[in-house]
Protein chains: 2
Amino acid sequence: MKDKPLPTRDRILQAAGKLFQQDGIRTVSVDAIAEKAGVTKRTLYYHFRSKDDLIAAHLQARDEPNLALFKRWFNEAEGDIAEKVGGIFRHLAHSARIAKWKGCGFLRTSVELINLPGHPALIVARAHKKRVEDWLSTIFMEAGADNDAAPLARQIMLLLDGSFAVVLLHRDPSYMETAAEAAARLISDRLPVSGRLQPIVASQTI
Amino acid sequence: MKDKPLPTRDRILQAAGKLFQQDGIRTVSVDAIAEKAGVTKRTLYYHFRSKDDLIAAHLQARDEPNLALFKRWFNEAEGDIAEKVGGIFRHLAHSARIAKWKGCGFLRTSVELINLPGHPALIVARAHKKRVEDWLSTIFMEAGADNDAAPLARQIMLLLDGSFAVVLLHRDPSYMETAAEAAARLISDRLPVSGRLQPIVASQTI
DNA sequence: CAAAGTATACCGGGTAGTGAATATACACAA
DNA sequence: TTGTGTATATTCACTACCCGGTATACTTTG
């Protein structure tokens, strides 16, 4: 589409993103990232202080778009809240069916950096997951779950991240539909009136 | 206790186990394992064809004891099936509260070897998780869940592996109690008579 | 000119894996 | 009992390579 020449820093981030997603963090060398970005290693180190910095910056760059995607999937799905949350799982299952899918980069980071407890990328990853959880919690709260909203959001997160882990291992996206079903049960158990969302815009179907 | 001199191969396996668990697979060098086992690297390569072989052997060695632990935690817990499954999560939470806890080695392997789809260790890891799932499925089946047994077992696995992933990231074991509560809801939703386990031996109720 | 950005070439250290020789244990013959 | 052959088990020293990071000098651009 638009081949806007994209600033060097962003080209590096983009190259790093593709490689990290595909092959993991530790196996991807700085040299490989620099080459993929069409830049020498020295240039990369001009824009990022270290590989660790680059990793954190990479996750930071993924934070917002990732959350936005979840919101879109939720909003575009039809039905009550249980079904709208199910929409997230269904879209995830769809993604997982393409060969290149490699699970959740934020969770994977916590595994790859397991021996570096204070790593800056871990802080970014935790913040991201918390944002998603808080967003879910808000939704349940607005739907009248009251005191159940927070624990319910946590349970959905467990199913969500569980899906990432299990599907990454077994390479069987149908687990995500199983997760969607579990989420639906947990949600409709605790939401009043089967939790149909109040019309936000104008014409929400009644 | 008993300082039986333990065959070399097992000493290597044990050393590898500790290091892999603590620091991950990729970051631990063969040299480090050999040193920890009190053995030269060359003798390590006498007992294992490659590091990849060693990884697979390590997971294989953990398969049986790990499952046995789950079974013990389940059996020792009091109450109906929901509570007995909850016992697994509670024991897990207890483990996770000690500093050295590092999540599930089987799941972590699938992350660390993400760019080696055919790696033998992945096959071992998948088989292990399947064994756990099948064991749960059998339990639910015997409790009368019928057609719901298999999907229910998968949902418990999602919560279980989700717990591993989430707690590893956030370092907050209370998620495991949230998972236990979700599991209890999903189970008692689908088990008849609140799912108290029938005596297995003679008197199976018809 | 000065600052930002890029290129070449390099360093010290760590990696998985190997070659060749040696040590140990045990079977069997004298 | 002693000597010898053989398979198992172990060691030391080594290769060939890859990694994150850097010193220095050059080029572009306001």
# chains A, B, ... in the order shown; residues from 1 in each chain; ligands from 1
$ closest_atom_pairs --of "chain A" --to "chain D" --cutoff "10 Å" --atoms "only C-alpha atoms (C1' of nucleotides)" --output "JSON lines"
{"residue": "A:Ser29", "atom": "CA", "partner": "D:DC19", "partner_atom": "C1'", "distance": 7.2}
{"residue": "A:Val30", "atom": "CA", "partner": "D:DG20", "partner_atom": "C1'", "distance": 7.5}
{"residue": "A:Asp31", "atom": "CA", "partner": "D:DC19", "partner_atom": "C1'", "distance": 8.9}
{"residue": "A:Lys41", "atom": "CA", "partner": "D:DG21", "partner_atom": "C1'", "distance": 9.5}
{"residue": "A:Arg42", "atom": "CA", "partner": "D:DT22", "partner_atom": "C1'", "distance": 8.6}
{"residue": "A:Tyr45", "atom": "CA", "partner": "D:DG21", "partner_atom": "C1'", "distance": 8.5}
{"residue": "A:Arg49", "atom": "CA", "partner": "D:DG21", "partner_atom": "C1'", "distance": 9.9}
{"residue": "A:Ser50", "atom": "CA", "partner": "D:DG21", "partner_atom": "C1'", "distance": 8.2}
{"residue": "A:Lys51", "atom": "CA", "partner": "D:DG20", "partner_atom": "C1'", "distance": 7.8}
$ write_last_selection --atoms "all heavy atoms" --output "PDB file, in the first residue's frame"
ATOM      1  N   SER A  29      19.254 -13.204  16.971  1.00  0.00           N
ATOM      2  CA  SER A  29      20.431 -12.399  17.270  1.00  0.00           C
ATOM      3  C   SER A  29      20.225 -10.961  16.815  1.00  0.00           C
ATOM      4  O   SER A  29      19.436 -10.685  15.909  1.00  0.00           O
ATOM      5  CB  SER A  29      21.658 -12.978  16.582  1.00  0.00           C
ATOM      6  OG  SER A  29      21.569 -12.775  15.193  1.00  0.00           O
ATOM      7  N   VAL A  30      20.946 -10.081  17.457  1.00  0.00           N
ATOM      8  CA  VAL A  30      20.902  -8.677  17.058  1.00  0.00           C
ATOM      9  C   VAL A  30      21.340  -8.528  15.601  1.00  0.00           C
ATOM     10  O   VAL A  30      20.769  -7.728  14.852  1.00  0.00           O
ATOM     11  CB  VAL A  30      21.805  -7.846  17.990  1.00  0.00           C
ATOM     12  CG1 VAL A  30      21.852  -6.405  17.531  1.00  0.00           C
ATOM     13  CG2 VAL A  30      21.296  -7.933  19.414  1.00  0.00           C
ATOM     14  N   ASP A  31      22.316  -9.307  15.208  1.00  0.00           N
ATOM     15  CA  ASP A  31      22.762  -9.273  13.815  1.00  0.00           C
ATOM     16  C   ASP A  31      21.606  -9.582  12.866  1.00  0.00           C
ATOM     17  O   ASP A  31      21.424  -8.905  11.850  1.00  0.00           O
ATOM     18  CB  ASP A  31      23.879 -10.298  13.597  1.00  0.00           C
ATOM     19  CG  ASP A  31      25.099 -10.009  14.435  1.00  0.00           C
ATOM     20  OD1 ASP A  31      25.040 -10.264  15.652  1.00  0.00           O
ATOM     21  OD2 ASP A  31      26.089  -9.503  13.898  1.00  0.00           O
ATOM     22  N   LYS A  41      24.491  -3.303  12.452  1.00  0.00           N
ATOM     23  CA  LYS A  41      24.270  -3.490  13.880  1.00  0.00           C
ATOM     24  C   LYS A  41      24.560  -2.206  14.659  1.00  0.00           C
ATOM     25  O   LYS A  41      23.870  -1.869  15.612  1.00  0.00           O
ATOM     26  CB  LYS A  41      25.154  -4.630  14.385  1.00  0.00           C
ATOM     27  CG  LYS A  41      24.811  -5.076  15.771  1.00  0.00           C
ATOM     28  CD  LYS A  41      25.388  -6.436  16.109  1.00  0.00           C
ATOM     29  CE  LYS A  41      26.831  -6.616  15.709  1.00  0.00           C
ATOM     30  NZ  LYS A  41      27.447  -7.765  16.428  1.00  0.00           N
ATOM     31  N   ARG A  42      25.581  -1.491  14.189  1.00  0.00           N
ATOM     32  CA  ARG A  42      25.955  -0.266  14.894  1.00  0.00           C
ATOM     33  C   ARG A  42      24.811   0.745  14.902  1.00  0.00           C
ATOM     34  O   ARG A  42      24.580   1.445  15.881  1.00  0.00           O
ATOM     35  CB  ARG A  42      27.199   0.339  14.247  1.00  0.00           C
ATOM     36  CG  ARG A  42      27.842   1.388  15.104  1.00  0.00           C
ATOM     37  CD  ARG A  42      28.300   0.759  16.411  1.00  0.00           C
ATOM     38  NE  ARG A  42      28.788   1.750  17.365  1.00  0.00           N
ATOM     39  CZ  ARG A  42      28.007   2.407  18.203  1.00  0.00           C
ATOM     40  NH1 ARG A  42      26.704   2.197  18.198  1.00  0.00           N
ATOM     41  NH2 ARG A  42      28.518   3.269  19.046  1.00  0.00           N
ATOM     42  N   TYR A  45      22.313  -0.152  17.453  1.00  0.00           N
ATOM     43  CA  TYR A  45      22.734   0.239  18.808  1.00  0.00           C
ATOM     44  C   TYR A  45      22.742   1.754  18.991  1.00  0.00           C
ATOM     45  O   TYR A  45      22.910   2.244  20.091  1.00  0.00           O
ATOM     46  CB  TYR A  45      24.102  -0.363  19.136  1.00  0.00           C
ATOM     47  CG  TYR A  45      23.983  -1.774  19.654  1.00  0.00           C
ATOM     48  CD1 TYR A  45      24.196  -2.861  18.824  1.00  0.00           C
ATOM     49  CD2 TYR A  45      23.610  -2.011  20.979  1.00  0.00           C
ATOM     50  CE1 TYR A  45      24.074  -4.153  19.302  1.00  0.00           C
ATOM     51  CE2 TYR A  45      23.483  -3.289  21.455  1.00  0.00           C
ATOM     52  CZ  TYR A  45      23.715  -4.362  20.616  1.00  0.00           C
ATOM     53  OH  TYR A  45      23.583  -5.638  21.088  1.00  0.00           O
ATOM     54  N   ARG A  49      19.625   1.057  23.298  1.00  0.00           N
ATOM     55  CA  ARG A  49      20.803   0.936  24.150  1.00  0.00           C
ATOM     56  C   ARG A  49      21.319  -0.498  24.234  1.00  0.00           C
ATOM     57  O   ARG A  49      22.514  -0.724  24.351  1.00  0.00           O
ATOM     58  CB  ARG A  49      20.487   1.473  25.555  1.00  0.00           C
ATOM     59  CG  ARG A  49      21.697   1.839  26.384  1.00  0.00           C
ATOM     60  CD  ARG A  49      21.381   2.946  27.377  1.00  0.00           C
ATOM     61  NE  ARG A  49      20.082   2.732  28.000  1.00  0.00           N
ATOM     62  CZ  ARG A  49      19.842   1.850  28.967  1.00  0.00           C
ATOM     63  NH1 ARG A  49      20.806   1.094  29.422  1.00  0.00           N
ATOM     64  NH2 ARG A  49      18.645   1.727  29.480  1.00  0.00           N
ATOM     65  N   SER A  50      20.427  -1.452  24.191  1.00  0.00           N
ATOM     66  CA  SER A  50      20.839  -2.854  24.293  1.00  0.00           C
ATOM     67  C   SER A  50      19.741  -3.734  23.701  1.00  0.00           C
ATOM     68  O   SER A  50      18.645  -3.256  23.390  1.00  0.00           O
ATOM     69  CB  SER A  50      21.054  -3.230  25.755  1.00  0.00           C
ATOM     70  OG  SER A  50      19.824  -3.138  26.448  1.00  0.00           O
ATOM     71  N   LYS A  51      20.033  -5.007  23.575  1.00  0.00           N
ATOM     72  CA  LYS A  51      19.017  -5.926  23.093  1.00  0.00           C
ATOM     73  C   LYS A  51      17.837  -5.962  24.065  1.00  0.00           C
ATOM     74  O   LYS A  51      16.676  -6.023  23.646  1.00  0.00           O
ATOM     75  CB  LYS A  51      19.616  -7.328  22.932  1.00  0.00           C
ATOM     76  CG  LYS A  51      18.631  -8.324  22.340  1.00  0.00           C
ATOM     77  CD  LYS A  51      19.204  -9.745  22.237  1.00  0.00           C
ATOM     78  CE  LYS A  51      18.190 -10.700  21.648  1.00  0.00           C
ATOM     79  NZ  LYS A  51      18.687 -12.093  21.568  1.00  0.00           N
TER      80      LYS A  51
END
$ interface_residues --of "chain C" --to "chain B" --cutoff "9 Å" --atoms "only C-alpha atoms (C1' of nucleotides)" --output "PyMOL selection string"
chain C and resi 15-18
$ write_last_selection --atoms "N, CA, C and O atoms (P, O5', C5', C4', C3', O3' and C1' of nucleotides)" --output "PDB file, in the first residue's frame"
ATOM      1  P    DT C  15      27.614 -20.581  27.654  1.00  0.00           P
ATOM      2  O5'  DT C  15      27.475 -21.302  26.252  1.00  0.00           O
ATOM      3  C5'  DT C  15      26.734 -20.670  25.206  1.00  0.00           C
ATOM      4  C4'  DT C  15      26.803 -21.534  23.966  1.00  0.00           C
ATOM      5  C3'  DT C  15      26.914 -23.016  24.245  1.00  0.00           C
ATOM      6  O3'  DT C  15      25.617 -23.546  24.379  1.00  0.00           O
ATOM      7  C1'  DT C  15      28.406 -22.325  22.464  1.00  0.00           C
ATOM      8  P    DA C  16      25.400 -25.067  24.783  1.00  0.00           P
ATOM      9  O5'  DA C  16      25.667 -25.878  23.446  1.00  0.00           O
ATOM     10  C5'  DA C  16      24.803 -25.684  22.334  1.00  0.00           C
ATOM     11  C4'  DA C  16      25.288 -26.520  21.170  1.00  0.00           C
ATOM     12  C3'  DA C  16      25.255 -28.030  21.422  1.00  0.00           C
ATOM     13  O3'  DA C  16      24.808 -28.680  20.239  1.00  0.00           O
ATOM     14  C1'  DA C  16      27.480 -27.324  20.972  1.00  0.00           C
ATOM     15  P    DG C  17      24.612 -30.254  20.226  1.00  0.00           P
ATOM     16  O5'  DG C  17      26.059 -30.775  19.825  1.00  0.00           O
ATOM     17  C5'  DG C  17      26.581 -30.423  18.547  1.00  0.00           C
ATOM     18  C4'  DG C  17      28.032 -30.824  18.456  1.00  0.00           C
ATOM     19  C3'  DG C  17      28.343 -32.305  18.747  1.00  0.00           C
ATOM     20  O3'  DG C  17      28.885 -32.893  17.577  1.00  0.00           O
ATOM     21  C1'  DG C  17      29.925 -30.860  19.732  1.00  0.00           C
ATOM     22  P    DT C  18      29.287 -34.434  17.526  1.00  0.00           P
ATOM     23  O5'  DT C  18      30.872 -34.330  17.610  1.00  0.00           O
ATOM     24  C5'  DT C  18      31.545 -33.353  16.820  1.00  0.00           C
ATOM     25  C4'  DT C  18      33.043 -33.614  16.860  1.00  0.00           C
ATOM     26  C3'  DT C  18      33.458 -35.086  16.882  1.00  0.00           C
ATOM     27  O3'  DT C  18      34.601 -35.221  16.061  1.00  0.00           O
ATOM     28  C1'  DT C  18      34.369 -34.003  18.745  1.00  0.00           C
TER      29       DT C  18
END
$ calpha_fit_rmsd --fixed "chain B" --moving "chain A"
2.0 Å
$ interface_residues --of "chain B" --to "chain A" --cutoff "9 Å" --atoms "only C-alpha atoms" --output "ChimeraX atom specification"
/B:22-24,26-27,102-103,106-116,122,125-126,129,151-152,154-155,157-166,168-170,175,178-179,181-182,185-186,189
$ write_last_selection --atoms "N, CA and C atoms" --output "short mmCIF file (atom, residue, chain, number, x, y, z; two decimals), in the first residue's frame"
data_model
loop_
_atom_site.label_atom_id
_atom_site.label_comp_id
_atom_site.auth_asym_id
_atom_site.auth_seq_id
_atom_site.Cartn_x
_atom_site.Cartn_y
_atom_site.Cartn_z
N GLN B 22 15.31 -24.13 36.80
CA GLN B 22 15.64 -22.84 37.39
C GLN B 22 15.81 -21.73 36.34
N ASP B 23 16.52 -22.06 35.27
CA ASP B 23 16.95 -21.00 34.35
C ASP B 23 16.42 -21.14 32.93
N GLY B 24 15.73 -22.23 32.64
CA GLY B 24 15.27 -22.44 31.29
C GLY B 24 16.18 -23.37 30.51
N ARG B 26 17.26 -23.00 27.05
CA ARG B 26 18.22 -22.44 26.10
C ARG B 26 19.38 -21.74 26.78
N THR B 27 19.11 -21.16 27.94
CA THR B 27 20.18 -20.41 28.60
C THR B 27 21.16 -21.34 29.31
N LYS B 102 8.91 -22.06 39.23
CA LYS B 102 9.13 -21.53 37.89
C LYS B 102 8.13 -22.04 36.88
N GLY B 103 6.91 -22.28 37.31
CA GLY B 103 5.88 -22.68 36.36
C GLY B 103 6.00 -24.12 35.90
N PHE B 106 6.81 -28.35 31.11
CA PHE B 106 6.31 -28.85 29.83
C PHE B 106 5.81 -27.70 28.95
N LEU B 107 5.06 -26.81 29.57
CA LEU B 107 4.58 -25.64 28.81
C LEU B 107 5.75 -24.76 28.39
N ARG B 108 6.66 -24.55 29.32
CA ARG B 108 7.79 -23.68 29.01
C ARG B 108 8.59 -24.23 27.83
N THR B 109 8.69 -25.54 27.75
CA THR B 109 9.43 -26.14 26.64
C THR B 109 8.81 -25.75 25.31
N SER B 110 7.49 -25.73 25.25
CA SER B 110 6.85 -25.41 23.97
C SER B 110 7.14 -23.97 23.56
N VAL B 111 7.46 -23.13 24.52
CA VAL B 111 7.84 -21.75 24.20
C VAL B 111 9.30 -21.68 23.77
N GLU B 112 10.12 -22.35 24.53
CA GLU B 112 11.56 -22.25 24.26
C GLU B 112 11.95 -22.93 22.94
N LEU B 113 11.17 -23.90 22.52
CA LEU B 113 11.50 -24.62 21.29
C LEU B 113 10.56 -24.23 20.17
N ILE B 114 10.07 -23.01 20.21
CA ILE B 114 9.01 -22.61 19.29
C ILE B 114 9.45 -22.63 17.84
N ASN B 115 10.72 -22.50 17.60
CA ASN B 115 11.19 -22.50 16.20
C ASN B 115 11.73 -23.87 15.76
N LEU B 116 11.43 -24.90 16.56
CA LEU B 116 11.84 -26.26 16.21
C LEU B 116 10.64 -27.19 16.31
N LEU B 122 9.03 -31.84 22.39
CA LEU B 122 7.66 -31.37 22.24
C LEU B 122 6.68 -32.54 22.25
N ALA B 125 6.24 -33.59 25.75
CA ALA B 125 5.43 -32.61 26.49
C ALA B 125 3.95 -32.76 26.15
N ARG B 126 3.65 -32.92 24.88
CA ARG B 126 2.25 -33.08 24.49
C ARG B 126 1.67 -34.34 25.11
N LYS B 129 0.77 -33.78 28.81
CA LYS B 129 -0.46 -33.01 29.04
C LYS B 129 -1.69 -33.83 28.67
N PRO B 151 -15.03 -32.68 27.25
CA PRO B 151 -14.88 -31.22 27.21
C PRO B 151 -14.62 -30.60 28.58
N LEU B 152 -15.20 -31.18 29.60
CA LEU B 152 -14.96 -30.66 30.95
C LEU B 152 -13.49 -30.82 31.32
N ARG B 154 -11.03 -30.86 29.31
CA ARG B 154 -10.27 -29.86 28.55
C ARG B 154 -10.38 -28.49 29.20
N GLN B 155 -11.53 -28.17 29.72
CA GLN B 155 -11.69 -26.86 30.36
C GLN B 155 -10.86 -26.76 31.63
N MET B 157 -8.11 -28.35 32.08
CA MET B 157 -6.73 -28.18 31.60
C MET B 157 -6.45 -26.73 31.22
N LEU B 158 -7.41 -26.09 30.60
CA LEU B 158 -7.22 -24.68 30.23
C LEU B 158 -7.01 -23.83 31.46
N LEU B 159 -7.76 -24.10 32.51
CA LEU B 159 -7.59 -23.34 33.75
C LEU B 159 -6.24 -23.66 34.40
N LEU B 160 -5.88 -24.93 34.34
CA LEU B 160 -4.63 -25.36 34.95
C LEU B 160 -3.44 -24.71 34.24
N ASP B 161 -3.39 -24.87 32.93
CA ASP B 161 -2.28 -24.31 32.19
C ASP B 161 -2.35 -22.78 32.17
N GLY B 162 -3.56 -22.26 32.19
CA GLY B 162 -3.70 -20.81 32.32
C GLY B 162 -3.10 -20.33 33.63
N SER B 163 -3.33 -21.07 34.69
CA SER B 163 -2.74 -20.71 35.98
C SER B 163 -1.22 -20.67 35.89
N PHE B 164 -0.66 -21.70 35.29
CA PHE B 164 0.80 -21.73 35.15
C PHE B 164 1.28 -20.47 34.44
N ALA B 165 0.65 -20.16 33.34
CA ALA B 165 1.10 -19.02 32.53
C ALA B 165 0.92 -17.70 33.26
N VAL B 166 -0.27 -17.50 33.80
CA VAL B 166 -0.58 -16.21 34.44
C VAL B 166 0.27 -16.00 35.69
N LEU B 168 3.11 -17.35 36.41
CA LEU B 168 4.51 -17.14 36.04
C LEU B 168 4.75 -15.69 35.65
N LEU B 169 3.80 -15.11 34.95
CA LEU B 169 3.97 -13.71 34.54
C LEU B 169 3.81 -12.75 35.72
N HIS B 170 2.69 -12.88 36.42
CA HIS B 170 2.40 -11.89 37.46
C HIS B 170 3.03 -12.20 38.81
N TYR B 175 -4.12 -16.15 41.74
CA TYR B 175 -4.83 -16.52 40.52
C TYR B 175 -5.24 -17.99 40.55
N THR B 178 -8.45 -18.38 42.21
CA THR B 178 -9.49 -17.95 41.28
C THR B 178 -9.79 -19.06 40.27
N ALA B 179 -8.74 -19.72 39.83
CA ALA B 179 -8.91 -20.82 38.88
C ALA B 179 -9.66 -21.97 39.54
N GLU B 181 -11.83 -21.82 41.83
CA GLU B 181 -13.24 -21.47 41.94
C GLU B 181 -13.95 -21.64 40.60
N ALA B 182 -13.28 -21.21 39.53
CA ALA B 182 -13.86 -21.39 38.20
C ALA B 182 -14.05 -22.87 37.90
N ARG B 185 -17.05 -24.30 39.64
CA ARG B 185 -18.31 -23.93 38.98
C ARG B 185 -18.56 -24.79 37.75
N LEU B 186 -17.53 -24.92 36.92
CA LEU B 186 -17.70 -25.68 35.68
C LEU B 186 -18.02 -27.14 35.98
N ASP B 189 -21.57 -27.60 37.68
CA ASP B 189 -22.58 -27.35 36.65
C ASP B 189 -22.95 -28.62 35.90
#
$ atom_distance --atom1 "atom CA of B:Arg90" --atom2 "atom CA of A:Gly118"
27.0 Å
